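*Asks:* You'll find data.csv just under this line, and it carries CSV, C-alpha atoms and all ligand atoms.
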chain,number,residue,atom,x,y,z
K,6,MET,CA,28.0,-7.6,20.1
K,7,THR,CA,27.4,-11.1,18.9
K,8,VAL,CA,27.1,-11.7,15.2
K,9,TYR,CA,25.3,-15.0,14.5
K,10,ARG,CA,25.8,-16.7,11.2
K,11,ILE,CA,23.1,-18.8,9.7
K,12,SER,CA,25.7,-21.5,9.0
K,13,GLN,CA,26.0,-22.0,12.8
K,14,ILE,CA,22.3,-22.2,13.2
K,15,LYS,CA,22.0,-24.8,10.5
K,16,ASN,CA,24.3,-27.1,12.6
K,17,LYS,CA,21.5,-27.4,15.2
K,18,ALA,CA,19.1,-30.3,15.0
K,19,PRO,CA,16.6,-29.8,12.2
K,20,PHE,CA,13.0,-29.5,13.0
K,21,SER,CA,9.8,-29.1,11.1
K,22,PHE,CA,6.9,-26.9,12.1
K,23,GLN,CA,4.7,-28.8,9.6
K,24,SER,CA,5.3,-32.0,11.5
K,25,LEU,CA,3.7,-30.7,14.6
K,26,GLN,CA,-0.1,-30.8,15.2
K,27,ALA,CA,-1.4,-27.3,14.5
K,28,SER,CA,-3.5,-27.0,17.7
K,29,ARG,CA,-0.9,-28.4,20.0
K,30,PHE,CA,1.6,-26.1,18.3
K,31,PHE,CA,-0.4,-23.0,18.9
K,32,SER,CA,-1.3,-23.7,22.5
K,33,GLN,CA,2.3,-24.6,23.3
K,34,LEU,CA,3.7,-21.6,21.6
K,35,GLN,CA,1.3,-18.8,22.3
K,36,PRO,CA,2.3,-18.1,26.0
K,37,LYS,CA,5.9,-17.7,24.9
K,38,CYS,CA,5.1,-15.4,22.1
K,39,SER,CA,6.7,-12.2,23.5
K,40,PHE,CA,8.4,-11.3,20.3
K,41,GLY,CA,7.4,-9.7,17.0
K,42,ILE,CA,8.8,-9.2,13.6
K,43,ALA,CA,9.0,-6.1,11.3
K,44,PHE,CA,9.7,-6.9,7.6
K,45,ASP,CA,11.2,-4.4,5.2
K,46,ILE,CA,9.6,-4.8,1.8
K,47,ASP,CA,11.8,-3.8,-1.1
K,48,GLY,CA,14.9,-6.0,-1.3
K,49,VAL,CA,13.6,-8.3,1.5
K,50,VAL,CA,10.2,-9.7,0.6
K,51,LEU,CA,9.8,-8.2,-2.9
K,52,ARG,CA,11.9,-7.2,-5.7
K,53,GLY,CA,9.7,-5.0,-7.9
K,54,ARG,CA,6.5,-7.0,-7.8
K,55,PHE,CA,8.1,-10.4,-7.4
K,56,PRO,CA,8.4,-12.2,-4.1
K,57,ILE,CA,12.1,-13.0,-3.2
K,58,GLY,CA,14.0,-15.0,-0.7
K,59,GLY,CA,11.2,-17.5,0.0
K,60,SER,CA,9.1,-14.7,1.5
K,61,SER,CA,5.8,-16.3,0.9
K,62,ARG,CA,6.8,-19.6,2.6
K,63,ALA,CA,8.4,-17.6,5.5
K,64,LEU,CA,5.3,-15.5,6.1
K,65,THR,CA,3.0,-18.6,5.9
K,66,ARG,CA,4.8,-19.9,9.0
K,67,LEU,CA,3.6,-17.0,11.0
K,68,TYR,CA,-0.1,-18.2,10.7
K,69,ASP,CA,-1.8,-21.2,12.1
K,70,ASP,CA,-3.7,-23.7,9.9
K,71,SER,CA,-6.9,-21.7,10.3
K,72,GLY,CA,-5.2,-18.6,8.9
K,73,SER,CA,-4.9,-16.8,12.3
K,74,LEU,CA,-1.9,-14.8,13.1
K,75,LYS,CA,0.5,-16.9,15.3
K,76,VAL,CA,3.3,-14.3,15.5
K,77,PRO,CA,2.8,-10.6,15.6
K,78,PHE,CA,4.3,-9.1,12.5
K,79,LEU,CA,4.1,-6.0,10.2
K,80,PHE,CA,5.7,-4.5,7.2
K,81,LEU,CA,7.9,-1.5,7.9
K,82,THR,CA,8.7,0.1,4.5
K,83,ASN,CA,10.0,3.5,3.5
K,84,GLY,CA,8.1,3.0,0.2
K,85,GLY,CA,4.6,4.0,-0.5
K,86,GLY,CA,2.4,6.0,-2.9
K,87,ILE,CA,-0.9,4.2,-2.3
K,88,PRO,CA,-3.1,4.0,0.8
K,89,GLU,CA,-2.2,1.3,3.4
K,90,SER,CA,-5.4,-0.5,2.7
K,91,ARG,CA,-4.6,-0.9,-0.9
K,92,ARG,CA,-1.0,-1.9,-0.2
K,93,ALA,CA,-2.3,-4.6,2.2
K,94,LEU,CA,-4.5,-6.0,-0.6
K,95,GLU,CA,-1.6,-5.9,-3.0
K,96,LEU,CA,0.8,-7.6,-0.6
K,97,SER,CA,-1.8,-10.3,0.2
K,98,GLU,CA,-2.1,-11.1,-3.5
K,99,LEU,CA,1.6,-11.2,-4.1
K,100,LEU,CA,2.6,-13.1,-1.0
K,101,GLY,CA,-0.4,-15.4,-0.6
K,102,VAL,CA,-1.2,-14.5,3.0
K,103,ASN,CA,-3.9,-12.3,4.5
K,104,ILE,CA,-2.3,-8.9,5.4
K,105,LEU,CA,-4.4,-6.3,7.3
K,106,PRO,CA,-4.0,-2.6,6.6
K,107,SER,CA,-2.8,-2.1,10.1
K,108,GLN,CA,0.1,-4.4,9.4
K,109,VAL,CA,1.4,-2.0,6.7
K,110,VAL,CA,3.5,1.0,7.9
K,111,GLN,CA,4.7,3.0,4.9
K,112,GLY,CA,7.1,6.0,4.9
K,113,HIS,CA,4.3,8.4,4.7
K,114,SER,CA,2.1,6.8,7.4
K,115,PRO,CA,3.2,9.2,10.1
K,116,PHE,CA,2.0,12.1,7.9
K,117,LYS,CA,-1.5,11.5,9.4
K,118,ASN,CA,-0.1,12.9,12.7
K,119,LEU,CA,0.1,16.3,10.9
K,120,LEU,CA,-3.7,16.3,10.3
K,121,LYS,CA,-4.5,18.7,13.0
K,122,ARG,CA,-2.1,21.3,11.6
K,123,PHE,CA,-3.0,21.1,7.9
K,124,GLU,CA,-6.5,19.5,7.8
K,125,ASN,CA,-8.2,22.4,6.1
K,126,GLU,CA,-5.1,24.1,4.5
K,127,LEU,CA,-4.1,23.9,0.9
K,128,ILE,CA,-1.3,21.3,0.6
K,129,VAL,CA,0.5,19.6,-2.3
K,130,ALA,CA,1.7,16.0,-2.4
K,131,THR,CA,4.0,14.4,-4.9
K,132,GLY,CA,5.5,11.0,-5.8
K,133,LYS,CA,4.6,7.8,-7.7
K,134,GLY,CA,1.2,6.3,-7.3
K,135,GLU,CA,-1.6,8.4,-5.9
K,136,PRO,CA,-0.1,10.9,-3.5
K,137,ALA,CA,-3.2,13.1,-3.2
K,138,LEU,CA,-5.4,10.0,-2.5
K,139,VAL,CA,-3.0,8.9,0.3
K,140,MET,CA,-3.3,12.3,2.0
K,141,SER,CA,-7.1,12.6,1.6
K,142,GLU,CA,-7.5,9.1,3.1
K,143,TYR,CA,-5.6,10.4,6.1
K,144,GLY,CA,-8.2,13.2,6.3
K,145,PHE,CA,-6.5,16.2,4.7
K,146,LYS,CA,-9.3,18.1,3.0
K,147,LYS,CA,-7.5,20.4,0.6
K,148,VAL,CA,-4.8,18.3,-1.0
K,149,LEU,CA,-3.7,18.4,-4.6
K,150,SER,CA,-1.1,16.3,-6.3
K,151,LEU,CA,1.8,18.3,-7.8
K,152,ASP,CA,0.6,17.1,-11.2
K,153,GLU,CA,-2.8,18.7,-10.7
K,154,TYR,CA,-1.4,21.7,-9.0
K,155,ALA,CA,1.0,22.5,-11.8
K,156,SER,CA,-1.8,22.3,-14.4
K,157,TYR,CA,-3.3,25.5,-12.9
K,158,PHE,CA,-0.2,27.5,-13.8
K,159,GLU,CA,0.3,28.0,-17.5
K,160,ASN,CA,4.0,27.5,-18.6
K,161,ILE,CA,5.2,26.6,-15.2
K,162,ASP,CA,7.0,23.7,-16.8
K,163,PRO,CA,8.7,25.1,-19.9
K,164,VAL,CA,9.4,21.7,-21.3
K,165,SER,CA,6.0,20.1,-20.7
K,166,GLN,CA,5.1,19.9,-24.4
K,167,TYR,CA,7.9,17.4,-24.8
K,168,LYS,CA,6.5,15.1,-22.2
K,169,THR,CA,4.1,13.1,-24.3
K,170,TRP,CA,3.2,10.8,-21.4
K,171,THR,CA,1.4,13.7,-19.6
K,172,THR,CA,-1.2,14.4,-22.3
K,173,GLU,CA,-3.8,11.9,-21.3
K,174,GLN,CA,-3.4,12.7,-17.6
K,175,VAL,CA,-4.0,16.5,-18.1
K,176,SER,CA,-7.2,16.1,-20.2
K,177,THR,CA,-8.7,13.5,-17.8
K,178,ARG,CA,-7.7,15.8,-14.9
K,179,SER,CA,-9.4,18.9,-16.2
K,180,CYS,CA,-12.8,17.0,-16.4
K,181,HIS,CA,-12.6,15.7,-12.8
K,182,SER,CA,-11.2,18.4,-10.6
K,183,VAL,CA,-12.9,21.6,-9.8
K,184,PRO,CA,-11.9,22.6,-6.3
K,185,GLY,CA,-14.1,25.0,-4.5
K,186,TYR,CA,-11.3,27.6,-4.3
K,187,ILE,CA,-9.0,29.4,-6.7
K,188,VAL,CA,-5.9,27.3,-6.7
K,189,SER,CA,-3.6,29.8,-8.4
K,190,SER,CA,-4.3,32.6,-5.9
K,191,GLU,CA,-4.2,30.6,-2.6
K,192,ARG,CA,-1.0,30.0,-0.8
K,193,VAL,CA,0.2,26.4,-0.4
K,194,LYS,CA,0.7,25.8,3.3
K,195,ALA,CA,2.9,22.7,3.1
K,196,ALA,CA,4.4,20.3,0.6
K,197,PHE,CA,4.7,16.5,1.0
K,198,VAL,CA,6.9,14.1,-0.9
K,199,ILE,CA,5.0,10.9,-0.4
K,200,SER,CA,7.0,8.5,-2.5
K,201,ASP,CA,9.7,8.5,-5.2
K,202,PRO,CA,8.9,11.4,-7.6
K,203,VAL,CA,8.2,10.5,-11.2
K,204,ASP,CA,9.1,13.7,-13.0
K,205,TRP,CA,12.1,15.0,-11.1
K,206,GLY,CA,12.7,18.1,-13.3
K,207,ARG,CA,9.1,19.3,-13.1
K,208,ASP,CA,8.8,18.5,-9.4
K,209,ILE,CA,12.0,20.3,-8.6
K,210,GLN,CA,10.9,23.4,-10.6
K,211,VAL,CA,7.4,23.5,-9.1
K,212,LEU,CA,8.6,22.8,-5.5
K,213,CYS,CA,11.2,25.5,-5.8
K,214,ASP,CA,8.5,27.9,-7.1
K,215,ILE,CA,6.2,27.0,-4.1
K,216,LEU,CA,8.9,27.0,-1.5
K,217,ARG,CA,10.8,30.2,-2.4
K,218,SER,CA,7.7,32.3,-3.1
K,219,GLY,CA,6.1,31.5,0.3
K,220,GLY,CA,3.5,29.2,-1.3
K,221,LEU,CA,2.4,31.1,-4.4
K,222,PRO,CA,4.4,30.3,-7.6
K,223,GLY,CA,5.3,33.4,-9.6
K,224,ARG,CA,5.2,35.8,-6.7
K,225,ILE,CA,8.2,37.4,-5.0
K,226,ASN,CA,10.1,35.7,-2.2
K,227,GLY,CA,8.2,34.7,0.9
K,228,HIS,CA,8.6,32.5,4.0
K,229,GLN,CA,9.2,28.9,3.0
K,230,PRO,CA,6.2,26.7,3.8
K,231,PRO,CA,7.1,23.4,5.6
K,232,LEU,CA,8.4,20.5,3.4
K,233,TYR,CA,8.1,16.9,4.5
K,234,PHE,CA,9.7,13.8,3.0
K,235,ALA,CA,8.3,10.4,3.7
K,236,ALA,CA,11.8,8.9,3.8
K,237,ASP,CA,15.4,9.7,2.9
K,238,ASP,CA,16.7,6.5,1.3
K,239,LEU,CA,19.5,7.4,-1.1
K,240,GLU,CA,19.1,4.1,-2.9
K,241,TYR,CA,16.9,1.1,-2.8
K,242,GLN,CA,16.5,-2.3,-4.4
K,243,ALA,CA,13.9,-2.4,-7.2
K,244,ALA,CA,13.6,-4.9,-10.1
K,245,PHE,CA,16.8,-3.7,-11.8
K,246,PRO,CA,19.9,-5.6,-10.7
K,247,SER,CA,21.7,-2.6,-9.2
K,248,GLU,CA,20.2,-0.1,-6.7
K,249,ARG,CA,17.9,2.7,-7.9
K,250,LEU,CA,18.0,6.3,-6.7
K,251,GLY,CA,15.4,6.9,-4.0
K,252,MET,CA,13.7,9.8,-2.3
K,253,GLY,CA,17.0,10.8,-0.5
K,254,ALA,CA,18.6,11.3,-3.9
K,255,PHE,CA,15.7,13.5,-4.9
K,256,ARG,CA,16.0,15.5,-1.7
K,257,ILE,CA,19.7,16.1,-2.4
K,258,ALA,CA,18.9,17.3,-5.9
K,259,LEU,CA,16.1,19.6,-4.7
K,260,GLU,CA,18.1,21.0,-1.8
K,261,SER,CA,21.2,21.6,-3.9
K,262,ILE,CA,19.3,23.6,-6.5
K,263,PHE,CA,17.1,25.4,-4.0
K,264,ASN,CA,20.2,26.5,-2.0
K,265,ARG,CA,21.7,27.9,-5.2
K,266,ILE,CA,18.7,30.0,-6.2
K,267,HIS,CA,17.4,31.1,-2.8
K,268,HIS,CA,19.0,33.3,-0.1
K,269,SER,CA,18.2,30.9,2.8
K,270,PRO,CA,18.8,27.2,2.9
K,271,LEU,CA,16.0,24.7,2.4
K,272,GLU,CA,14.3,23.6,5.5
K,273,TYR,CA,12.7,20.1,5.6
K,274,VAL,CA,11.7,17.2,7.9
K,275,THR,CA,12.3,13.6,6.9
K,276,PHE,CA,10.2,10.7,8.2
K,277,GLY,CA,10.7,6.9,7.7
K,278,LYS,CA,13.4,4.6,8.9
K,279,PRO,CA,16.0,5.0,10.5
K,280,ASN,CA,14.1,7.5,12.7
K,281,PRO,CA,13.6,6.0,16.2
K,282,PHE,CA,10.0,7.1,16.4
K,283,VAL,CA,9.2,4.7,13.4
K,284,PHE,CA,10.4,1.8,15.5
K,285,LYS,CA,8.6,3.0,18.6
K,286,ASN,CA,5.4,3.2,16.6
K,287,ALA,CA,6.0,-0.2,15.1
K,288,GLU,CA,6.3,-1.6,18.7
K,289,THR,CA,3.0,0.0,19.6
K,290,ILE,CA,1.2,-1.5,16.5
K,291,LEU,CA,2.8,-4.9,17.1
K,292,SER,CA,1.5,-5.0,20.6
K,293,GLN,CA,-2.0,-4.8,19.2
K,294,PHE,CA,-1.4,-8.2,17.6
K,295,MET,CA,-0.1,-9.8,20.7
K,296,PRO,CA,-2.1,-12.7,22.3
K,297,SER,CA,-4.5,-11.0,24.7
K,298,CYS,CA,-2.9,-12.6,27.8
K,299,LEU,CA,0.3,-10.7,27.1
K,300,ALA,CA,-1.0,-7.5,25.7
K,301,THR,CA,-0.9,-5.4,28.8
K,302,LYS,CA,1.6,-2.8,29.7
K,303,GLY,CA,4.2,-3.6,32.3
K,304,ASP,CA,5.0,-1.6,35.4
K,305,THR,CA,7.2,0.7,33.4
K,306,GLY,CA,4.4,1.4,31.0
K,307,SER,CA,6.3,-0.3,28.2
K,308,TYR,CA,5.0,-3.3,26.2
K,309,PRO,CA,6.2,-6.7,27.2
K,310,PHE,CA,8.1,-7.7,24.0
K,311,LYS,CA,11.3,-9.4,24.9
K,312,THR,CA,12.5,-9.1,21.3
K,313,LEU,CA,11.4,-7.3,18.2
K,314,TYR,CA,13.2,-8.4,15.0
K,315,MET,CA,13.8,-6.0,12.2
K,316,ILE,CA,14.6,-7.8,8.9
K,317,GLY,CA,16.0,-5.4,6.4
K,318,ASP,CA,18.4,-5.1,3.4
K,319,ASN,CA,19.7,-1.6,4.0
K,320,PRO,CA,22.4,-1.2,6.7
K,321,MET,CA,22.1,2.6,6.7
K,322,VAL,CA,18.3,2.5,7.1
K,323,ASP,CA,16.9,-0.7,8.5
K,324,ILE,CA,19.9,-1.8,10.6
K,325,LYS,CA,20.9,1.7,11.8
K,326,GLY,CA,17.3,2.3,12.8
K,327,ALA,CA,16.9,-0.9,14.8
K,328,ARG,CA,20.3,-0.4,16.5
K,329,GLN,CA,19.4,3.2,17.4
K,330,ALA,CA,16.0,2.1,18.7
K,331,GLY,CA,17.8,-0.2,21.1
K,332,HIS,CA,16.1,-2.8,23.3
K,333,PRO,CA,14.0,-4.8,22.4
K,334,TRP,CA,15.1,-4.5,18.7
K,335,PHE,CA,17.3,-7.1,17.1
K,336,SER,CA,18.5,-6.5,13.6
K,337,ILE,CA,18.8,-9.0,10.8
K,338,LEU,CA,20.3,-8.1,7.5
K,339,THR,CA,19.5,-10.0,4.3
K,340,ARG,CA,21.8,-10.2,1.3
K,341,THR,CA,18.9,-10.0,-1.2
K,342,GLY,CA,18.8,-6.3,-1.6
K,343,VAL,CA,20.9,-3.2,-1.2
K,344,PHE,CA,23.6,-5.0,0.8
K,345,LYS,CA,24.7,-7.8,-1.4
K,346,GLY,CA,28.4,-7.7,-0.4
K,347,ALA,CA,30.5,-8.7,2.6
K,348,ASP,CA,29.6,-10.3,5.8
K,349,ASN,CA,28.4,-7.2,7.7
K,350,HIS,CA,28.5,-3.5,7.4
K,351,PRO,CA,31.4,-1.9,9.3
K,352,GLU,CA,29.5,1.1,10.5
K,353,PHE,CA,26.1,-0.4,11.1
K,354,PRO,CA,26.6,-4.0,11.8
K,355,ALA,CA,23.5,-6.2,12.1
K,356,ASP,CA,23.1,-8.7,15.0
K,357,LEU,CA,22.6,-11.4,12.3
K,358,VAL,CA,23.4,-11.6,8.6
K,359,VAL,CA,21.5,-14.1,6.4
K,360,ASP,CA,21.0,-14.7,2.8
K,361,THR,CA,17.2,-14.6,2.7
K,362,VAL,CA,14.2,-13.6,4.6
K,363,GLU,CA,13.2,-17.3,4.9
K,364,GLU,CA,16.5,-18.0,6.7
K,365,ALA,CA,15.8,-15.0,9.0
K,366,VAL,CA,12.3,-16.3,9.9
K,367,ASP,CA,13.7,-19.8,10.4
K,368,TYR,CA,16.3,-18.5,12.8
K,369,ILE,CA,13.7,-16.4,14.7
K,370,LEU,CA,11.3,-19.3,15.2
K,371,LYS,CA,14.0,-21.7,16.3
K,372,ARG,CA,15.5,-19.1,18.7
K,373,GLU,CA,12.1,-18.2,20.2
K,374,PHE,CA,10.5,-21.5,20.5
K,375,TYR,CA,13.3,-24.1,20.8
K,376,SER,CA,16.2,-22.5,22.5
A,401,LIG,O1,10.9,3.5,-2.5
A,401,LIG,C1,11.1,2.4,-1.7
A,401,LIG,C2,12.3,2.5,-0.9
A,401,LIG,O2,12.7,3.8,-0.6
A,401,LIG,C3,12.6,1.5,0.2
A,401,LIG,O3,11.6,0.6,0.5
A,401,LIG,O4,10.7,-1.4,1.6
A,401,LIG,O5,13.2,-1.1,1.3
A,401,LIG,O6,12.0,0.3,3.0
A,401,LIG,P1,11.9,-0.5,1.7
A,402,MG,MG,14.7,-2.4,1.6
Translate this file's structure into structure tokens.
*Replies:*
Amino acid sequence: MTVYRISQIKNKAPFSFQSLQASRFFSQLQPKCSFGIAFDIDGVVLRGRFPIGGSSRALTRLYDDSGSLKVPFLFLTNGGGIPESRRALELSELLGVNILPSQVVQGHSPFKNLLKRFENELIVATGKGEPALVMSEYGFKKVLSLDEYASYFENIDPVSQYKTWTTEQVSTRSCHSVPGYIVSSERVKAAFVISDPVDWGRDIQVLCDILRSGGLPGRINGHQPPLYFAADDLEYQAAFPSERLGMGAFRIALESIFNRIHHSPLEYVTFGKPNPFVFKNAETILSQFMPSCLATKGDTGSYPFKTLYMIGDNPMVDIKGARQAGHPWFSILTRTGVFKGADNHPEFPADLVVDTVEEAVDYILKREFYS
């Protein structure tokens, strides 16, 4: 496998997209645009809420002067906690480009595929942000956040009185939510971890209650309802200088405890990168942004992308996923996030390693349009 270094690329003749006439540029480039880009968010384009690595400048280059998309791209993140439409608005504001909701694929986005199975069943959702809102926007009719669900069971969290930050939430909640069913006597049919949990202790306690009782806390053992995780990242890059524990760390904690207190091991399904279906799905979405002259399926039924670039910061998640997905994926690792160290990861080496997302985009545009 070839590993390109950005230093080699820099030795090529410099060019400037800005120096080209916009219209000429677009008409010349469009027919060759058989590539697309998937951007990881945390550690690549943002750190916390701050753009990093020249991400705004890099993204601007993917639009023409009138603001139309010149290169098909989307965000492929294992993060989440708010609906895709809201995340698109947030990203547009932070990055200064117009992002559509369909360009945002979050860890929990594939949960909508489970709608048929759980549409009218009682389900619980946990994680930072608004997990219940995310699921109701996907169409689930009987979803409660774990926060709200726990509030129907007195003393379920024996240390709740020490959690002063929950006081306001609980009183607001009791005014708003009056489901048309008795929460405390209806079985939970599935539990969803949407994003990084906020109160690990409470969540582990209540999820163990739900899962080992067969969906009804306080009852005797029953068959474990399905449990779904939006992603399984052990660590990720947030605003703090070193990596933070992610949903995968929470999964390990829950699983270890559950397996110690229950006779049969925890069963669960994880979504998000590096699962190959995430990359397949990204390919399908990206094909919807292709120039119409190219957006037809080939003889084999596959989409005509010659190359799809995954730009990520996590070798075990972004690079592993792109490598496993195979053709047409090409992996680019940035050093702005989880992987700040050596040249490449020994187990999951990327096709290219660069310092920033801006360098990655620069490389892609040169490679696609000028090689
Ligand atoms: O919670 C976010 C984290 O798990 C990873 O996000 O954008 O790096 O895939 P991202
Ligand atoms: Mg990342």
*Asks:* Choose the residue, out of K:Asp323, K:Glu248, K:Asp204, K:Asp152, that has the smallest atom-to-atom separation from Ala236 (chain K); count all atoms listed in the file.
*Replies:*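 Comparing K:Asp323, K:Glu248, K:Asp204, K:Asp152 against Ala236 (chain K), the winner is K:Asp323.
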*Asks:* Take CA of Phe78 (chain K) and CA of Ile199 (chain K) and report the distance between them in Å, one decimal.
*Replies:*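 Interatomic distance here is 23.8 Å.
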*Asks:* Compare K:Ala244, K:Ile324, K:Leu232, K:Ala258 by their minimum atom-to-atom distance to Trp205 (chain K), counting only C-alpha atoms, and give me the closest one.
*Replies:* K:Ala258
*Asks:* Which residues of chain K come within 6 Å of ligand LIG 401 (chain A), and for each one, what is the closest pair of atoms and their distance in Å to one decimal, counting all atoms listed in the file, sorted by chain and residue number, as a Markdown table?
*Replies:*
| residue | atom | partner | partner_atom | distance |
| --- | --- | --- | --- | --- |
| K:Asp45 | CA | A:LIG401 | O4 | 4.7 |
| K:Ile46 | CA | A:LIG401 | O4 | 3.6 |
| K:Asp47 | CA | A:LIG401 | O4 | 3.8 |
| K:Gly48 | CA | A:LIG401 | O5 | 5.8 |
| K:Thr82 | CA | A:LIG401 | O6 | 3.6 |
| K:Asn83 | CA | A:LIG401 | O6 | 3.8 |
| K:Gly84 | CA | A:LIG401 | C1 | 3.6 |
| K:Asp201 | CA | A:LIG401 | O1 | 5.8 |
| K:Asp238 | CA | A:LIG401 | O2 | 5.2 |
| K:Tyr241 | CA | A:LIG401 | C2 | 5.2 |
| K:Gly251 | CA | A:LIG401 | O2 | 5.3 |
*Asks:* Of the candidates K:Ser90, K:Ser336, K:Asn349, K:Gln293, which one gets nearest to Leu313 (chain K) if we count all atoms listed in the file?
*Replies:*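 Of the candidates, the smallest distance to Leu313 (chain K) is held by K:Ser336.
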